[in-house]
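Data from run-v1.txt: compact mmCIF, C-alpha atoms and all ligand atoms
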```
# COMPACT_ATOMS: atom_id res chain seq x y z
CA MET A 24 -68.06 -71.01 142.53
CA PRO A 25 -69.32 -72.76 139.39
CA ILE A 26 -72.84 -73.53 140.54
CA VAL A 27 -74.79 -74.84 137.59
CA ASN A 28 -76.69 -71.79 136.19
CA ARG A 29 -79.98 -73.52 135.79
CA VAL A 30 -79.71 -74.90 139.32
CA ALA A 31 -79.17 -71.40 140.66
CA ASP A 32 -82.46 -70.45 138.97
CA LEU A 33 -84.20 -73.27 140.86
CA HIS A 34 -82.90 -72.11 144.27
CA ASP A 35 -86.15 -70.42 145.40
CA GLU A 36 -88.35 -73.25 144.22
CA ILE A 37 -86.20 -75.93 145.92
CA THR A 38 -86.14 -73.82 149.09
CA ALA A 39 -89.94 -73.67 149.10
CA TRP A 40 -90.12 -77.49 148.83
CA ARG A 41 -87.55 -77.84 151.62
CA ARG A 42 -89.48 -75.59 153.98
CA ASP A 43 -92.73 -77.39 153.23
CA PHE A 44 -91.07 -80.73 154.14
CA HIS A 45 -89.62 -79.05 157.21
CA ALA A 46 -93.05 -77.93 158.41
CA HIS A 47 -94.44 -81.48 158.01
CA PRO A 48 -91.93 -83.91 159.51
CA GLU A 49 -92.71 -87.63 159.47
CA LEU A 50 -90.98 -90.53 161.24
CA LEU A 51 -89.35 -93.73 160.01
CA TYR A 52 -91.51 -95.57 157.45
CA ASP A 53 -94.50 -93.33 158.14
CA VAL A 54 -93.43 -90.75 155.54
CA HIS A 55 -96.63 -90.90 153.49
CA ARG A 56 -97.09 -87.17 152.92
CA THR A 57 -93.45 -86.64 151.99
CA ALA A 58 -93.33 -89.69 149.70
CA ALA A 59 -96.55 -88.64 147.96
CA ALA A 60 -95.16 -85.12 147.39
CA VAL A 61 -91.90 -86.56 146.05
CA ALA A 62 -93.72 -88.93 143.67
CA ALA A 63 -96.05 -86.17 142.42
CA LYS A 64 -93.11 -83.87 141.72
CA LEU A 65 -91.11 -86.57 139.94
CA LYS A 66 -94.13 -87.24 137.70
CA SER A 67 -94.56 -83.53 137.00
CA PHE A 68 -90.90 -83.31 135.97
CA GLY A 69 -91.54 -85.98 133.33
CA CYS A 70 -89.44 -88.81 134.79
CA ASP A 71 -89.64 -91.91 132.59
CA GLU A 72 -90.84 -94.00 135.51
CA VAL A 73 -91.91 -93.17 139.07
CA VAL A 74 -92.26 -96.14 141.39
CA THR A 75 -93.63 -95.90 144.94
CA GLY A 76 -93.83 -98.41 147.77
CA ILE A 77 -90.29 -99.79 147.52
CA GLY A 78 -89.15 -100.63 151.06
CA GLN A 79 -92.68 -99.73 152.25
CA THR A 80 -92.66 -95.99 151.51
CA GLY A 81 -89.54 -95.48 149.40
CA VAL A 82 -89.86 -93.70 146.03
CA VAL A 83 -87.74 -94.13 142.90
CA GLY A 84 -87.58 -91.97 139.77
CA VAL A 85 -86.02 -93.17 136.51
CA ILE A 86 -84.53 -90.57 134.14
CA ARG A 87 -83.05 -91.72 130.83
CA GLY A 88 -80.50 -89.60 128.99
CA ARG A 89 -80.90 -88.33 125.42
CA LYS A 90 -77.85 -90.30 124.34
CA VAL A 91 -77.60 -94.08 124.17
CA GLY A 92 -75.76 -95.70 127.04
CA THR A 93 -75.93 -98.71 129.31
CA LYS A 94 -74.60 -97.20 132.51
CA VAL A 95 -76.98 -96.74 135.46
CA VAL A 96 -76.17 -94.69 138.57
CA GLY A 97 -78.27 -94.32 141.72
CA LEU A 98 -78.44 -91.06 143.66
CA ARG A 99 -79.94 -91.44 147.11
CA ALA A 100 -81.66 -89.07 149.58
CA ASP A 101 -83.50 -89.77 152.84
CA MET A 102 -86.95 -88.43 153.81
CA ASP A 103 -87.54 -89.10 157.53
CA ALA A 104 -87.43 -86.75 160.54
CA LEU A 105 -86.78 -87.26 164.26
CA PRO A 106 -88.83 -87.46 167.48
CA ILE A 107 -87.44 -84.16 168.77
CA LYS A 108 -89.35 -81.04 169.88
CA GLU A 109 -88.24 -78.22 167.60
CA ALA A 110 -86.80 -75.09 169.21
CA THR A 111 -85.92 -72.97 166.19
CA GLY A 112 -88.91 -70.60 166.26
CA LEU A 113 -88.66 -70.37 162.46
CA PRO A 114 -91.72 -69.29 160.46
CA TYR A 115 -91.71 -72.71 158.76
CA GLN A 116 -90.99 -74.71 161.92
CA SER A 117 -92.56 -78.12 162.55
CA THR A 118 -96.35 -78.17 162.71
CA VAL A 119 -96.25 -81.58 164.42
CA PRO A 120 -95.56 -81.53 168.17
CA GLY A 121 -92.54 -83.58 169.18
CA ARG A 122 -91.23 -84.12 165.65
CA MET A 123 -88.74 -82.21 163.60
CA HIS A 124 -86.35 -82.38 160.68
CA ALA A 125 -83.26 -82.16 162.88
CA CYS A 126 -80.94 -84.07 160.54
CA GLY A 127 -81.58 -82.10 157.36
CA HIS A 128 -83.30 -84.89 155.45
CA ASP A 129 -85.79 -82.21 154.33
CA GLY A 130 -82.85 -80.54 152.56
CA HIS A 131 -81.54 -83.83 151.16
CA THR A 132 -84.94 -84.67 149.67
CA ALA A 133 -85.41 -81.17 148.22
CA MET A 134 -81.92 -81.07 146.66
CA LEU A 135 -82.33 -84.46 144.98
CA LEU A 136 -85.75 -83.35 143.69
CA GLY A 137 -84.09 -80.25 142.28
CA ALA A 138 -81.49 -82.40 140.55
CA ALA A 139 -84.24 -84.68 139.19
CA LYS A 140 -86.05 -81.67 137.74
CA TYR A 141 -82.88 -80.46 136.03
CA LEU A 142 -81.91 -83.92 134.75
CA ALA A 143 -85.41 -84.66 133.42
CA ASP A 144 -85.44 -81.28 131.65
CA THR A 145 -82.00 -81.47 130.08
CA ARG A 146 -81.21 -85.20 129.76
CA ASN A 147 -77.73 -84.30 128.62
CA PHE A 148 -76.23 -87.72 129.35
CA ALA A 149 -76.02 -91.30 128.11
CA GLY A 150 -77.55 -94.06 130.24
CA THR A 151 -79.89 -93.79 133.20
CA ALA A 152 -80.00 -91.76 136.40
CA ILE A 153 -82.04 -93.30 139.20
CA VAL A 154 -83.13 -90.96 142.02
CA ILE A 155 -83.79 -92.85 145.25
CA PHE A 156 -85.82 -91.42 148.17
CA GLN A 157 -85.65 -93.72 151.16
CA PRO A 158 -87.67 -93.82 154.39
CA ALA A 159 -86.44 -94.71 157.87
CA GLU A 160 -82.80 -93.69 157.84
CA GLU A 161 -83.00 -92.78 161.54
CA GLY A 162 -82.74 -96.26 163.01
CA GLY A 163 -85.25 -98.09 160.81
CA ALA A 164 -82.86 -99.42 158.14
CA GLY A 165 -84.96 -98.03 155.30
CA ALA A 166 -82.05 -98.49 152.89
CA ARG A 167 -81.95 -102.20 153.71
CA ALA A 168 -85.71 -102.42 153.21
CA MET A 169 -85.37 -100.89 149.74
CA VAL A 170 -82.44 -103.18 148.86
CA ARG A 171 -84.42 -106.24 150.03
CA ASP A 172 -87.31 -105.05 147.90
CA GLY A 173 -85.04 -105.40 144.88
CA LEU A 174 -84.14 -101.73 144.36
CA LEU A 175 -80.66 -102.32 142.95
CA ASP A 176 -81.44 -105.28 140.66
CA ARG A 177 -84.81 -104.06 139.47
CA PHE A 178 -83.40 -100.79 138.11
CA GLY A 179 -80.00 -102.24 137.17
CA ILE A 180 -78.13 -99.81 139.41
CA GLN A 181 -74.36 -100.22 139.02
CA GLU A 182 -73.06 -97.51 141.37
CA VAL A 183 -74.71 -95.61 144.25
CA PHE A 184 -73.95 -92.22 145.72
CA GLY A 185 -75.19 -90.57 148.91
CA MET A 186 -74.88 -87.10 150.44
CA HIS A 187 -75.40 -85.64 153.92
CA ASN A 188 -75.16 -82.08 155.16
CA ALA A 189 -72.40 -81.32 157.68
CA PRO A 190 -72.75 -78.55 160.27
CA GLY A 191 -69.33 -76.99 160.89
CA VAL A 192 -68.19 -77.45 157.29
CA PRO A 193 -68.51 -74.07 155.53
CA ILE A 194 -71.17 -73.50 152.87
CA GLY A 195 -69.75 -74.29 149.45
CA GLU A 196 -67.33 -76.92 150.76
CA PHE A 197 -67.36 -80.72 150.89
CA ALA A 198 -65.75 -83.53 152.87
CA ILE A 199 -65.22 -87.10 151.69
CA ARG A 200 -62.77 -89.91 152.37
CA PRO A 201 -62.08 -93.34 150.88
CA GLY A 202 -62.48 -96.51 152.94
CA PRO A 203 -64.28 -96.91 156.27
CA THR A 204 -66.05 -93.60 156.91
CA MET A 205 -68.82 -94.27 159.43
CA ALA A 206 -69.18 -96.93 162.11
CA SER A 207 -71.20 -100.09 162.48
CA THR A 208 -73.80 -99.78 165.24
CA ASP A 209 -74.73 -102.94 167.06
CA THR A 210 -76.93 -102.86 170.14
CA VAL A 211 -76.57 -104.96 173.24
CA THR A 212 -79.13 -105.67 175.95
CA ILE A 213 -77.96 -107.40 179.13
CA ASN A 214 -80.60 -108.78 181.50
CA ILE A 215 -79.11 -109.64 184.89
CA GLU A 216 -80.89 -111.99 187.22
CA GLY A 217 -79.82 -112.12 190.87
CA LEU A 218 -81.69 -112.66 194.11
CA GLY A 219 -83.76 -109.93 195.70
CA SER A 220 -83.50 -109.25 199.39
CA HIS A 221 -83.95 -106.68 202.14
CA ALA A 222 -81.26 -104.01 201.75
CA ALA A 223 -80.22 -104.50 205.37
CA TRP A 224 -79.51 -108.21 204.78
CA PRO A 225 -77.50 -108.08 201.53
CA HIS A 226 -75.85 -111.44 202.30
CA TYR A 227 -79.21 -113.16 201.68
CA GLY A 228 -79.38 -111.80 198.14
CA VAL A 229 -77.43 -111.46 194.90
CA ASP A 230 -77.28 -107.73 194.20
CA THR A 231 -77.95 -107.03 190.51
CA VAL A 232 -77.03 -103.34 190.91
CA LEU A 233 -73.53 -104.29 192.02
CA VAL A 234 -73.22 -106.87 189.23
CA GLY A 235 -74.48 -104.36 186.66
CA ALA A 236 -72.02 -101.73 187.86
CA GLN A 237 -69.14 -104.21 187.59
CA ILE A 238 -70.23 -105.18 184.09
CA VAL A 239 -70.36 -101.53 182.98
CA ASN A 240 -66.80 -101.08 184.27
CA GLN A 241 -65.43 -104.34 182.89
CA LEU A 242 -66.84 -103.64 179.41
CA GLN A 243 -64.59 -100.57 179.17
CA SER A 244 -61.57 -102.82 179.64
CA ILE A 245 -62.43 -104.35 176.25
CA VAL A 246 -61.91 -101.01 174.53
CA ALA A 247 -58.85 -100.21 176.63
CA ARG A 248 -57.15 -103.62 176.66
CA ASN A 249 -58.49 -105.93 173.93
CA VAL A 250 -58.78 -103.60 170.95
CA ASP A 251 -55.61 -102.45 169.15
CA PRO A 252 -55.05 -98.85 170.35
CA LEU A 253 -54.72 -97.77 166.72
CA GLN A 254 -58.21 -99.07 165.93
CA ALA A 255 -61.49 -97.34 166.78
CA ALA A 256 -64.08 -98.87 169.12
CA VAL A 257 -66.94 -97.55 171.23
CA ILE A 258 -68.95 -99.35 173.89
CA SER A 259 -71.48 -97.02 175.49
CA ILE A 260 -73.92 -98.42 178.04
CA CYS A 261 -76.62 -95.77 178.04
CA VAL A 262 -79.47 -97.44 179.93
CA PHE A 263 -79.17 -98.99 183.42
CA GLN A 264 -82.52 -99.94 184.94
CA ALA A 265 -82.91 -101.63 188.32
CA GLY A 266 -84.84 -101.33 191.52
CA GLU A 267 -87.80 -99.34 192.78
CA ALA A 268 -87.10 -98.74 196.47
CA GLU A 269 -84.08 -97.54 198.41
CA ASN A 270 -84.33 -100.44 200.86
CA VAL A 271 -84.79 -103.37 198.48
CA ILE A 272 -81.99 -105.10 196.61
CA PRO A 273 -83.51 -105.73 193.19
CA ALA A 274 -83.58 -109.21 191.68
CA HIS A 275 -83.30 -107.89 188.13
CA ALA A 276 -81.29 -105.26 186.33
CA SER A 277 -81.17 -104.38 182.68
CA LEU A 278 -78.40 -102.65 180.74
CA ARG A 279 -78.60 -101.40 177.17
CA GLY A 280 -76.03 -99.79 174.95
CA THR A 281 -74.44 -99.26 171.54
CA VAL A 282 -71.29 -100.93 170.21
CA ARG A 283 -69.41 -99.33 167.32
CA ALA A 284 -66.45 -100.15 165.12
CA LEU A 285 -64.80 -99.14 161.85
CA SER A 286 -63.43 -102.57 160.93
CA PRO A 287 -65.10 -105.99 160.67
CA VAL A 288 -62.29 -107.56 162.75
CA VAL A 289 -62.88 -105.16 165.65
CA ARG A 290 -66.65 -105.52 165.27
CA THR A 291 -66.39 -109.30 165.68
CA LEU A 292 -63.89 -109.00 168.56
CA LEU A 293 -66.18 -106.61 170.47
CA GLU A 294 -69.12 -109.00 170.35
CA LYS A 295 -67.01 -111.99 171.39
CA ARG A 296 -65.41 -110.16 174.33
CA ILE A 297 -68.68 -108.56 175.47
CA ARG A 298 -70.25 -112.02 175.69
CA GLU A 299 -67.28 -113.40 177.62
CA VAL A 300 -66.93 -110.46 180.00
CA VAL A 301 -70.65 -110.31 180.80
CA ALA A 302 -70.92 -114.05 181.40
CA GLY A 303 -67.74 -114.14 183.48
CA THR A 304 -68.61 -111.13 185.61
CA ALA A 305 -72.13 -112.38 186.34
CA ARG A 306 -70.77 -115.79 187.30
CA LEU A 307 -68.21 -114.19 189.62
CA TYR A 308 -71.05 -112.72 191.71
CA GLY A 309 -73.43 -115.67 191.47
CA ALA A 310 -75.81 -113.92 189.08
CA LYS A 311 -77.09 -114.93 185.66
CA ALA A 312 -76.90 -112.71 182.61
CA GLU A 313 -78.79 -112.99 179.34
CA ILE A 314 -77.29 -111.14 176.35
CA ILE A 315 -79.31 -109.99 173.38
CA TYR A 316 -76.89 -108.82 170.71
CA THR A 317 -78.47 -107.19 167.66
CA PRO A 318 -76.49 -106.20 164.57
CA GLY A 319 -77.39 -102.71 163.38
CA TYR A 320 -76.11 -100.60 160.49
CA PRO A 321 -72.95 -101.91 158.80
CA ILE A 322 -69.65 -100.03 158.52
CA LEU A 323 -69.98 -97.43 155.76
CA VAL A 324 -67.15 -98.06 153.31
CA ASN A 325 -66.46 -95.65 150.45
CA GLU A 326 -64.98 -97.39 147.42
CA GLU A 327 -61.63 -95.90 146.26
CA ARG A 328 -62.55 -95.31 142.63
CA GLN A 329 -66.02 -93.83 143.19
CA THR A 330 -64.66 -91.68 146.04
CA ALA A 331 -61.99 -90.18 143.79
CA PHE A 332 -64.66 -89.59 141.16
CA ALA A 333 -67.09 -87.95 143.63
CA ALA A 334 -64.30 -85.78 145.05
CA ALA A 335 -63.39 -84.63 141.53
CA VAL A 336 -67.03 -83.70 140.80
CA ALA A 337 -67.26 -81.84 144.14
CA GLY A 338 -63.99 -80.09 143.24
CA GLU A 339 -65.56 -78.83 140.00
CA ILE A 340 -68.39 -77.24 141.99
CA ALA A 341 -66.47 -76.00 145.03
CA GLY A 342 -62.87 -75.74 143.84
CA ARG A 343 -60.31 -78.47 144.56
CA ASP A 344 -59.07 -76.88 147.80
CA LYS A 345 -62.61 -76.84 149.22
CA VAL A 346 -62.99 -80.62 149.16
CA HIS A 347 -61.57 -81.91 152.43
CA GLN A 348 -60.62 -85.37 153.57
CA GLY A 349 -61.78 -85.55 157.17
CA PRO A 350 -61.32 -88.38 159.66
CA PRO A 351 -63.92 -91.17 159.91
CA VAL A 352 -66.67 -90.71 162.50
CA MET A 353 -68.35 -93.13 164.92
CA GLY A 354 -71.83 -92.03 163.83
CA ALA A 355 -73.69 -94.33 161.45
CA GLU A 356 -75.65 -94.16 158.21
CA ASP A 357 -77.85 -96.80 156.69
CA PHE A 358 -76.63 -95.84 153.21
CA ALA A 359 -73.98 -98.40 154.25
CA PHE A 360 -76.49 -101.13 153.30
CA MET A 361 -76.49 -99.88 149.70
CA LEU A 362 -72.69 -99.62 149.68
CA GLU A 363 -72.51 -103.27 150.78
CA GLU A 364 -74.23 -104.21 147.52
CA ARG A 365 -72.77 -101.72 145.02
CA PRO A 366 -69.61 -99.59 144.78
CA GLY A 367 -70.17 -95.94 145.54
CA ALA A 368 -69.38 -93.03 147.83
CA PHE A 369 -70.97 -90.93 150.54
CA ILE A 370 -70.08 -87.23 150.69
CA TRP A 371 -70.63 -84.45 153.25
CA VAL A 372 -71.79 -81.06 152.00
CA GLY A 373 -71.13 -78.03 154.19
CA ASN A 374 -74.10 -76.72 156.22
CA GLY A 375 -72.15 -73.74 157.58
CA ASN A 376 -72.02 -72.61 161.17
CA THR A 377 -75.33 -74.11 162.38
CA ALA A 378 -76.48 -76.09 165.40
CA ASN A 379 -75.42 -79.71 165.22
CA LEU A 380 -77.41 -82.61 163.79
CA HIS A 381 -80.18 -83.92 166.08
CA ASN A 382 -80.14 -80.67 168.09
CA PRO A 383 -83.55 -78.96 168.68
CA ALA A 384 -82.06 -75.69 167.33
CA TYR A 385 -80.74 -77.27 164.11
CA ASP A 386 -82.00 -76.20 160.70
CA PHE A 387 -80.83 -77.28 157.26
CA ASN A 388 -79.09 -74.32 155.61
CA ASP A 389 -80.85 -73.33 152.39
CA ALA A 390 -77.63 -71.68 151.20
CA ALA A 391 -76.32 -75.25 150.66
CA ILE A 392 -79.06 -76.00 148.12
CA PRO A 393 -77.29 -74.77 144.96
CA VAL A 394 -74.09 -76.52 146.05
CA GLY A 395 -75.65 -79.91 146.80
CA THR A 396 -77.99 -79.81 143.83
CA SER A 397 -75.17 -78.84 141.46
CA TYR A 398 -73.13 -81.76 142.84
CA TRP A 399 -75.92 -84.23 142.03
CA VAL A 400 -76.42 -82.82 138.55
CA ARG A 401 -72.74 -82.83 137.63
CA LEU A 402 -72.22 -86.24 139.22
CA ALA A 403 -74.93 -87.78 137.03
CA GLU A 404 -73.81 -85.95 133.87
CA THR A 405 -70.16 -86.89 134.40
CA ALA A 406 -70.73 -90.52 135.44
CA LEU A 407 -73.03 -90.93 132.43
CA ALA A 408 -70.94 -88.90 129.98
CA GLY A 409 -70.99 -91.87 127.56
ZN ZN B 501 -79.70 -88.23 161.79
ZN ZN B 502 -79.18 -87.83 158.69
```

What's the structure tokens form of this structure?
Amino acid sequence: MPIVNRVADLHDEITAWRRDFHAHPELLYDVHRTAAAVAAKLKSFGCDEVVTGIGQTGVVGVIRGRKVGTKVVGLRADMDALPIKEATGLPYQSTVPGRMHACGHDGHTAMLLGAAKYLADTRNFAGTAIVIFQPAEEGGAGARAMVRDGLLDRFGIQEVFGMHNAPGVPIGEFAIRPGPTMASTDTVTINIEGLGSHAAWPHYGVDTVLVGAQIVNQLQSIVARNVDPLQAAVISICVFQAGEAENVIPAHASLRGTVRALSPVVRTLLEKRIREVVAGTARLYGAKAEIIYTPGYPILVNEERQTAFAAAVAGEIAGRDKVHQGPPVMGAEDFAFMLEERPGAFIWVGNGNTANLHNPAYDFNDAAIPVGTSYWVRLAETALAG
């Protein structure tokens, strides 16, 4: 496998950074230790500019090539961990109770730092490589915060690329696909108001548990009967709260869930039908329902041209036959916010046979470091070949 030689030499050093991040997980925008370490390293590598505080705690490093060029590409990693109690028992396991790097963002940050070190050392390209370290990928829309803070315009970024590790994909292999790749995630809260009563006299009340149960059922008819069977849609009601006593019909019930799609048409249809079905079902039983519908991460769409380019670069590292085109997934990624603004592509790098993402037994696989880091390095050098 043609791992970049110099990157192979950095393997131990990048691994040490990764394990240090792993031992000190931080949540959402509160990634102060990690961001400070990233900024200090970028400065020590001799980046032309290191800017902190973009999107609250995001960090950006600017690396200009030795050759003249006007092209600017952005390479993006994420820095935040999860509120999960780690169960790996590793020597470098989380030192913070109830928090862990269970999505491998420690590895993403370390690999992009490794690439930054190489690129700042060698500068064998024309134009500018921008390394982007974002906070709050796990539900906080840190990518959107950085975009709103002017990230893309301020540094003149023309294309953006992202990478995530993939448990189940062998070490040394990649997966990428053009078009819609990950789902939009909207959230819905439904507050049902009925009429409380003694459980033995249900006819004096309006039972919000019954109404809630009917709504949960009816919502599934949207996926089964309103969405084209060849299109993807998920409605999962994951919270149902009502009542405190077994002999009291509760006056209020609350449902909460996630709504996902891979096309804007389906996304719009789901919201419209959810509003209609909830209102209609509540009315049928004499209850009232309030709907709070909150748009979340957008659909992640890989641009054709940049996807073909990224796949070719991955093929150089892994071999053509080790770059797979998998199906889209209904998980979400806030890198989608950057892809809404600039063309680019998001790639999966194999994490081998490990526990799955967000599992307490998960650990980023350090064997992926030379692969992912080599990808970043070659991507920048090829995109900025001049
Ligand atoms: Zn995650
Ligand atoms: Zn992640």

Each residue of chain A with at least one atom at most 9 Å from ligand ZN 501 (chain B) should appear once, together with its nearest atom pair and the corresponding distance in Å (one decimal); atoms considered: only C-alpha atoms and all ligand atoms; ordering: chain, then increasing residue number; output as a tab-separated table.
```
residue	atom	partner	partner_atom	distance
A:Asp103	CA	B:ZN501	ZN	9.0
A:Ala104	CA	B:ZN501	ZN	8.0
A:Leu105	CA	B:ZN501	ZN	7.6
A:His124	CA	B:ZN501	ZN	8.9
A:Ala125	CA	B:ZN501	ZN	7.1
A:Cys126	CA	B:ZN501	ZN	4.5
A:Gly127	CA	B:ZN501	ZN	7.8
A:His128	CA	B:ZN501	ZN	8.0
A:Glu160	CA	B:ZN501	ZN	7.4
A:Glu161	CA	B:ZN501	ZN	5.6
A:Gly162	CA	B:ZN501	ZN	8.7
A:Gly354	CA	B:ZN501	ZN	9.0
A:Ala355	CA	B:ZN501	ZN	8.6
A:Glu356	CA	B:ZN501	ZN	8.0
A:Leu380	CA	B:ZN501	ZN	6.4
A:His381	CA	B:ZN501	ZN	6.1
```

Mind running stretch 307-343 of chain A against stretch 387-394 of chain A at 10 Å and telling me each contacting residue's nearest atom pair with the distance in Å (one decimal), counting all atoms listed in the file, chain and number ascending, as JSON lines?
```
{"residue": "A:Ala337", "atom": "CA", "partner": "A:Val394", "partner_atom": "CA", "distance": 8.9}
{"residue": "A:Ile340", "atom": "CA", "partner": "A:Val394", "partner_atom": "CA", "distance": 7.0}
{"residue": "A:Ala341", "atom": "CA", "partner": "A:Val394", "partner_atom": "CA", "distance": 7.7}
```

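The closest residue to ligand ZN 502 (chain B), picked from A:Lys66, A:His131, A:Lys295, A:His226 and counting all atoms listed in the file, is A:His131.
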
Please provide the set of residues having any atom within 10 Å of A:Ala255, restricted to all atoms listed in the file, with same-chain residues fewer than 6 positions apart removed, written as a PDB file with C-alpha atoms, in the frame of the given file.
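As a result, out12.pdb now contains:
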```
ATOM      1  CA  ALA A 206     -69.180 -96.930 162.110  1.00  0.00           C
ATOM      2  CA  VAL A 246     -61.910-101.010 174.530  1.00  0.00           C
ATOM      3  CA  ARG A 283     -69.410 -99.330 167.320  1.00  0.00           C
ATOM      4  CA  ALA A 284     -66.450-100.150 165.120  1.00  0.00           C
ATOM      5  CA  LEU A 285     -64.800 -99.140 161.850  1.00  0.00           C
ATOM      6  CA  SER A 286     -63.430-102.570 160.930  1.00  0.00           C
ATOM      7  CA  VAL A 289     -62.880-105.160 165.650  1.00  0.00           C
ATOM      8  CA  ARG A 290     -66.650-105.520 165.270  1.00  0.00           C
ATOM      9  CA  PRO A 351     -63.920 -91.170 159.910  1.00  0.00           C
ATOM     10  CA  VAL A 352     -66.670 -90.710 162.500  1.00  0.00           C
ATOM     11  CA  MET A 353     -68.350 -93.130 164.920  1.00  0.00           C
TER      12      MET A 353
END
```

* **Pick from A:Arg122, A:Arg306, A:His187, A:Lys108 nearest to ligand ZN 502 (chain B), counting all atoms listed in the file** =>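 Going through A:Arg122, A:Arg306, A:His187, A:Lys108 one by one, the smallest distance to ligand ZN 502 (chain B) is for A:His187.
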
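The space separating atom CA of A:Pro114 from atom CA of A:Leu135 comes to 23.6 Å.
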
Shell of 8 Å around A:Ala143, all atoms listed in the file, local chain residues under 5 positions omitted, as a PDB file with C-alpha atoms, in the frame of the given file:
```pdb
ATOM      1  CA  PHE A  68     -90.900 -83.310 135.970  1.00  0.00           C
ATOM      2  CA  GLY A  69     -91.540 -85.980 133.330  1.00  0.00           C
ATOM      3  CA  CYS A  70     -89.440 -88.810 134.790  1.00  0.00           C
ATOM      4  CA  ILE A  86     -84.530 -90.570 134.140  1.00  0.00           C
ATOM      5  CA  ARG A  87     -83.050 -91.720 130.830  1.00  0.00           C
TER       6      ARG A  87
END
```

* Which distance in Å separates atom CA of A:Thr377 and atom CA of A:Ser117, to one decimal? ->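 Separation between atom CA of A:Thr377 and atom CA of A:Ser117: 17.7 Å.
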
Given the point (-74.2, -85.6, 134.4) in the coordinates of this file, which residues lie within 9 Å, counting only C-alpha atoms, and how would they look as number ranges by chain?
A: 142, 146-149, 152, 399-408

Quick one: residues within 9 Å of stretch 52-54 of chain A, all atoms listed in the file, excluding same-chain residues fewer than 4 positions away - as a count of residues only?
16

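Distances to ligand ZN 502 (chain B) were evaluated for A:Ala63, A:Ile297, A:Asp357, A:Gly97 using all atoms listed in the file, and the minimum falls at A:Asp357.
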
At a cut-off of 10 Å, using all atoms listed in the file, what residues contact A:Gly342? Leave out same-chain residues fewer than 6 positions from it and give the result as a PDB file with C-alpha atoms, in the coordinates of the input.
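Just written: out-v8.pdb:
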```pdb
ATOM      1  CA  MET A  24     -68.060 -71.010 142.530  1.00  0.00           C
ATOM      2  CA  PRO A  25     -69.320 -72.760 139.390  1.00  0.00           C
ATOM      3  CA  GLY A 195     -69.750 -74.290 149.450  1.00  0.00           C
ATOM      4  CA  GLU A 196     -67.330 -76.920 150.760  1.00  0.00           C
ATOM      5  CA  PHE A 197     -67.360 -80.720 150.890  1.00  0.00           C
ATOM      6  CA  ALA A 335     -63.390 -84.630 141.530  1.00  0.00           C
ATOM      7  CA  VAL A 336     -67.030 -83.700 140.800  1.00  0.00           C
TER       8      VAL A 336
END
```

Contacts of stretch 361-365 of chain A at 9 Å (all atoms listed in the file; same-chain gap of 6+ positions) as a ChimeraX atom specification: /A:166-167,169-170,175,180-184,321-326

Here atom CA of A:Gly191 and atom CA of A:Asn376 stand apart by 5.1 Å

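Closest approach to A:Ser259 among A:Ala247, A:Leu65, A:Val211, A:Val232: A:Val211, based on all atoms listed in the file.
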